[in-house]
file query18.pdb (PDB, N, CA and C atoms)
ATOM      1  N   MET P   1     -11.676 -34.200   5.491
ATOM      2  CA  MET P   1     -11.379 -32.879   4.975
ATOM      3  C   MET P   1      -9.869 -32.752   4.796
ATOM      4  N   PRO P   2      -9.401 -32.394   3.616
ATOM      5  CA  PRO P   2      -7.963 -32.354   3.370
ATOM      6  C   PRO P   2      -7.249 -31.230   4.122
ATOM      7  N   TYR P   3      -7.965 -30.186   4.526
ATOM      8  CA  TYR P   3      -7.329 -29.064   5.199
ATOM      9  C   TYR P   3      -7.454 -29.140   6.719
ATOM     10  N   ALA P   4      -7.881 -30.254   7.263
ATOM     11  CA  ALA P   4      -8.072 -30.384   8.704
ATOM     12  C   ALA P   4      -6.771 -30.161   9.452
ATOM     13  N   LYS P   5      -5.673 -30.684   8.938
ATOM     14  CA  LYS P   5      -4.392 -30.524   9.610
ATOM     15  C   LYS P   5      -3.912 -29.073   9.535
ATOM     16  N   LEU P   6      -4.262 -28.377   8.479
ATOM     17  CA  LEU P   6      -3.868 -26.981   8.314
ATOM     18  C   LEU P   6      -4.446 -26.110   9.418
ATOM     19  N   PHE P   7      -5.705 -26.326   9.770
ATOM     20  CA  PHE P   7      -6.368 -25.446  10.723
ATOM     21  C   PHE P   7      -6.156 -25.864  12.175
ATOM     22  N   ARG P   8      -5.302 -26.845  12.425
ATOM     23  CA  ARG P   8      -4.923 -27.154  13.803
ATOM     24  C   ARG P   8      -3.938 -26.122  14.330
ATOM     25  N   SER P   9      -3.220 -25.482  13.454
ATOM     26  CA  SER P   9      -2.262 -24.447  13.836
ATOM     27  C   SER P   9      -2.818 -23.091  13.413
ATOM     28  N   ARG P  10      -2.904 -22.182  14.358
ATOM     29  CA  ARG P  10      -3.408 -20.836  14.038
ATOM     30  C   ARG P  10      -2.492 -20.116  13.062
ATOM     31  N   TRP P  11      -1.179 -20.309  13.219
ATOM     32  CA  TRP P  11      -0.241 -19.634  12.336
ATOM     33  C   TRP P  11      -0.331 -20.161  10.905
ATOM     34  N   ALA P  12      -0.489 -21.446  10.764
ATOM     35  CA  ALA P  12      -0.634 -22.017   9.426
ATOM     36  C   ALA P  12      -1.919 -21.526   8.768
ATOM     37  N   ALA P  13      -3.001 -21.461   9.555
ATOM     38  CA  ALA P  13      -4.266 -20.952   9.009
ATOM     39  C   ALA P  13      -4.147 -19.489   8.638
ATOM     40  N   LEU P  14      -3.431 -18.706   9.460
ATOM     41  CA  LEU P  14      -3.241 -17.289   9.172
ATOM     42  C   LEU P  14      -2.433 -17.094   7.888
ATOM     43  N   LEU P  15      -1.385 -17.869   7.725
ATOM     44  CA  LEU P  15      -0.596 -17.778   6.503
ATOM     45  C   LEU P  15      -1.394 -18.228   5.279
ATOM     46  N   TRP P  16      -2.199 -19.263   5.434
ATOM     47  CA  TRP P  16      -3.034 -19.735   4.331
ATOM     48  C   TRP P  16      -4.035 -18.643   3.933
ATOM     49  N   ALA P  17      -4.693 -18.035   4.922
ATOM     50  CA  ALA P  17      -5.661 -16.975   4.630
ATOM     51  C   ALA P  17      -4.970 -15.761   4.011
ATOM     52  N   GLY P  18      -3.776 -15.440   4.486
ATOM     53  CA  GLY P  18      -3.024 -14.338   3.890
ATOM     54  C   GLY P  18      -2.688 -14.601   2.437
ATOM     55  N   GLY P  19      -2.366 -15.838   2.123
ATOM     56  CA  GLY P  19      -2.089 -16.186   0.734
ATOM     57  C   GLY P  19      -3.318 -16.052  -0.145
ATOM     58  N   ILE P  20      -4.473 -16.418   0.396
ATOM     59  CA  ILE P  20      -5.722 -16.262  -0.365
ATOM     60  C   ILE P  20      -5.996 -14.788  -0.624
ATOM     61  N   LEU P  21      -5.850 -13.951   0.412
ATOM     62  CA  LEU P  21      -6.079 -12.510   0.239
ATOM     63  C   LEU P  21      -5.063 -11.888  -0.716
ATOM     64  N   TRP P  22      -3.805 -12.311  -0.616
ATOM     65  CA  TRP P  22      -2.775 -11.784  -1.494
ATOM     66  C   TRP P  22      -3.076 -12.123  -2.953
ATOM     67  N   SER P  23      -3.493 -13.349  -3.202
ATOM     68  CA  SER P  23      -3.807 -13.730  -4.577
ATOM     69  C   SER P  23      -5.040 -12.988  -5.093
ATOM     70  N   ALA P  24      -6.005 -12.711  -4.214
ATOM     71  CA  ALA P  24      -7.186 -11.950  -4.638
ATOM     72  C   ALA P  24      -6.805 -10.526  -5.008
ATOM     73  N   VAL P  25      -5.967  -9.891  -4.208
ATOM     74  CA  VAL P  25      -5.526  -8.525  -4.516
ATOM     75  C   VAL P  25      -4.682  -8.511  -5.781
ATOM     76  N   ALA P  26      -3.854  -9.508  -5.979
ATOM     77  CA  ALA P  26      -3.032  -9.566  -7.183
ATOM     78  C   ALA P  26      -3.890  -9.761  -8.430
ATOM     79  N   PHE P  27      -4.971 -10.509  -8.298
ATOM     80  CA  PHE P  27      -5.833 -10.771  -9.447
ATOM     81  C   PHE P  27      -6.730  -9.580  -9.762
ATOM     82  N   VAL P  28      -7.376  -9.014  -8.735
ATOM     83  CA  VAL P  28      -8.347  -7.943  -8.941
ATOM     84  C   VAL P  28      -7.681  -6.579  -8.933
ATOM     85  N   GLY P  29      -6.756  -6.347  -8.041
ATOM     86  CA  GLY P  29      -6.125  -5.046  -7.904
ATOM     87  C   GLY P  29      -6.729  -4.296  -6.724
ATOM     88  N   VAL P  30      -6.085  -3.199  -6.359
ATOM     89  CA  VAL P  30      -6.502  -2.451  -5.186
ATOM     90  C   VAL P  30      -7.354  -1.252  -5.571
ATOM     91  N   THR P  31      -6.922  -0.461  -6.526
ATOM     92  CA  THR P  31      -7.640   0.745  -6.909
ATOM     93  C   THR P  31      -8.046   0.666  -8.377
ATOM     94  N   PRO P  32      -9.118   1.352  -8.733
ATOM     95  CA  PRO P  32      -9.518   1.360 -10.147
ATOM     96  C   PRO P  32      -8.544   2.188 -10.979
ATOM     97  N   ASP P  33      -8.606   1.983 -12.268
ATOM     98  CA  ASP P  33      -7.766   2.726 -13.197
ATOM     99  C   ASP P  33      -8.144   4.207 -13.135
ATOM    100  N   LYS P  34      -7.162   5.086 -12.956
ATOM    101  CA  LYS P  34      -7.447   6.521 -12.806
ATOM    102  C   LYS P  34      -8.069   7.103 -14.067
ATOM    103  N   GLN P  35      -7.714   6.612 -15.231
ATOM    104  CA  GLN P  35      -8.287   7.126 -16.469
ATOM    105  C   GLN P  35      -9.759   6.775 -16.570
ATOM    106  N   ALA P  36     -10.147   5.590 -16.115
ATOM    107  CA  ALA P  36     -11.547   5.192 -16.161
ATOM    108  C   ALA P  36     -12.379   6.027 -15.197
ATOM    109  N   VAL P  37     -11.831   6.338 -14.033
ATOM    110  CA  VAL P  37     -12.544   7.166 -13.058
ATOM    111  C   VAL P  37     -12.708   8.570 -13.599
ATOM    112  N   ALA P  38     -11.672   9.131 -14.211
ATOM    113  CA  ALA P  38     -11.744  10.483 -14.756
ATOM    114  C   ALA P  38     -12.739  10.555 -15.915
ATOM    115  N   ALA P  39     -12.817   9.529 -16.723
ATOM    116  CA  ALA P  39     -13.740   9.532 -17.854
ATOM    117  C   ALA P  39     -15.187   9.484 -17.375
ATOM    118  N   ASN P  40     -15.465   8.727 -16.319
ATOM    119  CA  ASN P  40     -16.827   8.624 -15.814
ATOM    120  C   ASN P  40     -17.239   9.823 -14.988
ATOM    121  N   ALA P  41     -16.302  10.596 -14.477
ATOM    122  CA  ALA P  41     -16.627  11.732 -13.623
ATOM    123  C   ALA P  41     -17.163  12.909 -14.439
ATOM    124  N   THR P  42     -16.847  12.987 -15.725
ATOM    125  CA  THR P  42     -17.255  14.144 -16.511
ATOM    126  C   THR P  42     -18.699  14.045 -16.976
ATOM    127  N   THR P  43     -19.154  12.889 -17.395
ATOM    128  CA  THR P  43     -20.504  12.727 -17.921
ATOM    129  C   THR P  43     -21.110  11.435 -17.403
ATOM    130  N   ASP P  44     -22.299  11.550 -16.827
ATOM    131  CA  ASP P  44     -23.007  10.350 -16.402
ATOM    132  C   ASP P  44     -23.808   9.812 -17.579
ATOM    133  N   THR P  45     -23.694   8.506 -17.804
ATOM    134  CA  THR P  45     -24.421   7.873 -18.897
ATOM    135  C   THR P  45     -25.154   6.654 -18.371
ATOM    136  N   ASP P  46     -26.195   6.251 -19.090
ATOM    137  CA  ASP P  46     -26.896   5.026 -18.731
ATOM    138  C   ASP P  46     -26.245   3.856 -19.456
ATOM    139  N   VAL P  47     -26.875   2.701 -19.368
ATOM    140  CA  VAL P  47     -26.287   1.496 -19.935
ATOM    141  C   VAL P  47     -26.185   1.553 -21.461
ATOM    142  N   THR P  48     -27.017   2.357 -22.104
ATOM    143  CA  THR P  48     -26.966   2.468 -23.559
ATOM    144  C   THR P  48     -25.957   3.496 -24.028
ATOM    145  N   GLY P  49     -25.362   4.265 -23.084
ATOM    146  CA  GLY P  49     -24.400   5.282 -23.454
ATOM    147  C   GLY P  49     -25.015   6.655 -23.618
ATOM    148  N   THR P  50     -26.318   6.786 -23.399
ATOM    149  CA  THR P  50     -26.999   8.065 -23.502
ATOM    150  C   THR P  50     -26.751   8.878 -22.239
ATOM    151  N   ALA P  51     -26.532  10.179 -22.404
ATOM    152  CA  ALA P  51     -26.273  11.042 -21.254
ATOM    153  C   ALA P  51     -27.507  11.109 -20.351
ATOM    154  N   VAL P  52     -27.269  11.152 -19.052
ATOM    155  CA  VAL P  52     -28.341  11.223 -18.057
ATOM    156  C   VAL P  52     -28.426  12.649 -17.554
ATOM    157  N   ASP P  53     -29.652  13.202 -17.500
ATOM    158  CA  ASP P  53     -29.829  14.554 -16.982
ATOM    159  C   ASP P  53     -30.743  14.542 -15.756
ATOM    160  N   ALA P  54     -31.029  15.708 -15.210
ATOM    161  CA  ALA P  54     -31.826  15.819 -13.988
ATOM    162  C   ALA P  54     -33.254  15.311 -14.205
ATOM    163  N   ASN P  55     -33.803  15.479 -15.403
ATOM    164  CA  ASN P  55     -35.162  14.999 -15.684
ATOM    165  C   ASN P  55     -35.222  13.483 -15.598
ATOM    166  N   ASP P  56     -34.217  12.801 -16.115
ATOM    167  CA  ASP P  56     -34.170  11.342 -16.030
ATOM    168  C   ASP P  56     -34.111  10.874 -14.580
ATOM    169  N   LEU P  57     -33.328  11.571 -13.766
ATOM    170  CA  LEU P  57     -33.229  11.221 -12.359
ATOM    171  C   LEU P  57     -34.536  11.452 -11.623
ATOM    172  N   ALA P  58     -35.280  12.517 -11.988
ATOM    173  CA  ALA P  58     -36.570  12.780 -11.369
ATOM    174  C   ALA P  58     -37.583  11.704 -11.722
ATOM    175  N   VAL P  59     -37.566  11.243 -12.953
ATOM    176  CA  VAL P  59     -38.460  10.160 -13.379
ATOM    177  C   VAL P  59     -38.145   8.887 -12.602
ATOM    178  N   LEU P  60     -36.882   8.596 -12.453
ATOM    179  CA  LEU P  60     -36.471   7.413 -11.708
ATOM    180  C   LEU P  60     -36.877   7.514 -10.245
ATOM    181  N   ALA P  61     -36.690   8.671  -9.623
ATOM    182  CA  ALA P  61     -37.078   8.864  -8.221
ATOM    183  C   ALA P  61     -38.588   8.715  -8.052
ATOM    184  N   ASN P  62     -39.355   9.216  -9.020
ATOM    185  CA  ASN P  62     -40.809   9.103  -8.969
ATOM    186  C   ASN P  62     -41.234   7.640  -9.094
ATOM    187  N   ALA P  63     -40.584   6.901  -9.960
ATOM    188  CA  ALA P  63     -40.918   5.489 -10.143
ATOM    189  C   ALA P  63     -40.558   4.683  -8.901
ATOM    190  N   MET P  64     -39.463   5.010  -8.240
ATOM    191  CA  MET P  64     -39.040   4.276  -7.040
ATOM    192  C   MET P  64     -39.959   4.567  -5.864
ATOM    193  N   SER P  65     -40.522   5.768  -5.788
ATOM    194  CA  SER P  65     -41.380   6.121  -4.659
ATOM    195  C   SER P  65     -42.815   5.638  -4.865
ATOM    196  N   ALA P  66     -43.168   5.174  -6.054
ATOM    197  CA  ALA P  66     -44.530   4.722  -6.337
ATOM    198  C   ALA P  66     -44.849   3.409  -5.653
ATOM    199  N   ASN P  67     -43.824   2.636  -5.263
ATOM    200  CA  ASN P  67     -44.051   1.346  -4.630
ATOM    201  C   ASN P  67     -44.585   1.545  -3.303
TER     202      ASN P  67
END

call {"tool": "encode", "arguments": {"input": "query18.pdb", "output": "structure tokens"}}
result
Amino acid sequence: MPYAKLFRSRWAALLWAGGILWSAVAFVGVTPDKQAVAANATTDTDVTGTAVDANDLAVLANAMSAN
């Protein structure tokens, strides 16, 4: 295993893991875009872009409870 020597030292392993987490946060980001959150908060839509209302949710709840 090429990383065997790395994990003999707790500090080296901690720094390595910190680098992995840092690169993940840099790639993905910490918080979602505020404009995207605001746009989705006003109207709920399904995957086709059609607005979802209370009747649609009731149908879905009925279908989920039928199992």

call {"tool": "atom_distance", "arguments": {"input": "query18.pdb", "atom1": "atom C of Asp44 in chain P", "atom2": "atom N of Ala63 in chain P"}}
result
18.7 Å

call {"tool": "atom_distance", "arguments": {"input": "query18.pdb", "atom1": "atom N of Val47 in chain P", "atom2": "atom C of Val30 in chain P"}}
result
24.2 Å

call {"tool": "atom_distance", "arguments": {"input": "query18.pdb", "atom1": "CA of Val25 in chain P", "atom2": "CA of Ala4 in chain P"}}
result
25.7 Å

call {"tool": "axis_aligned_box", "arguments": {"input": "query18.pdb", "around": "range 57-66 of chain P", "padding_each_side": "5 Å", "output": "AutoDock Vina command-line options"}}
result
--center_x -39.0 --center_y 8.1 --center_z -9.2 --size_x 21.6 --size_y 19.4 --size_z 19.1
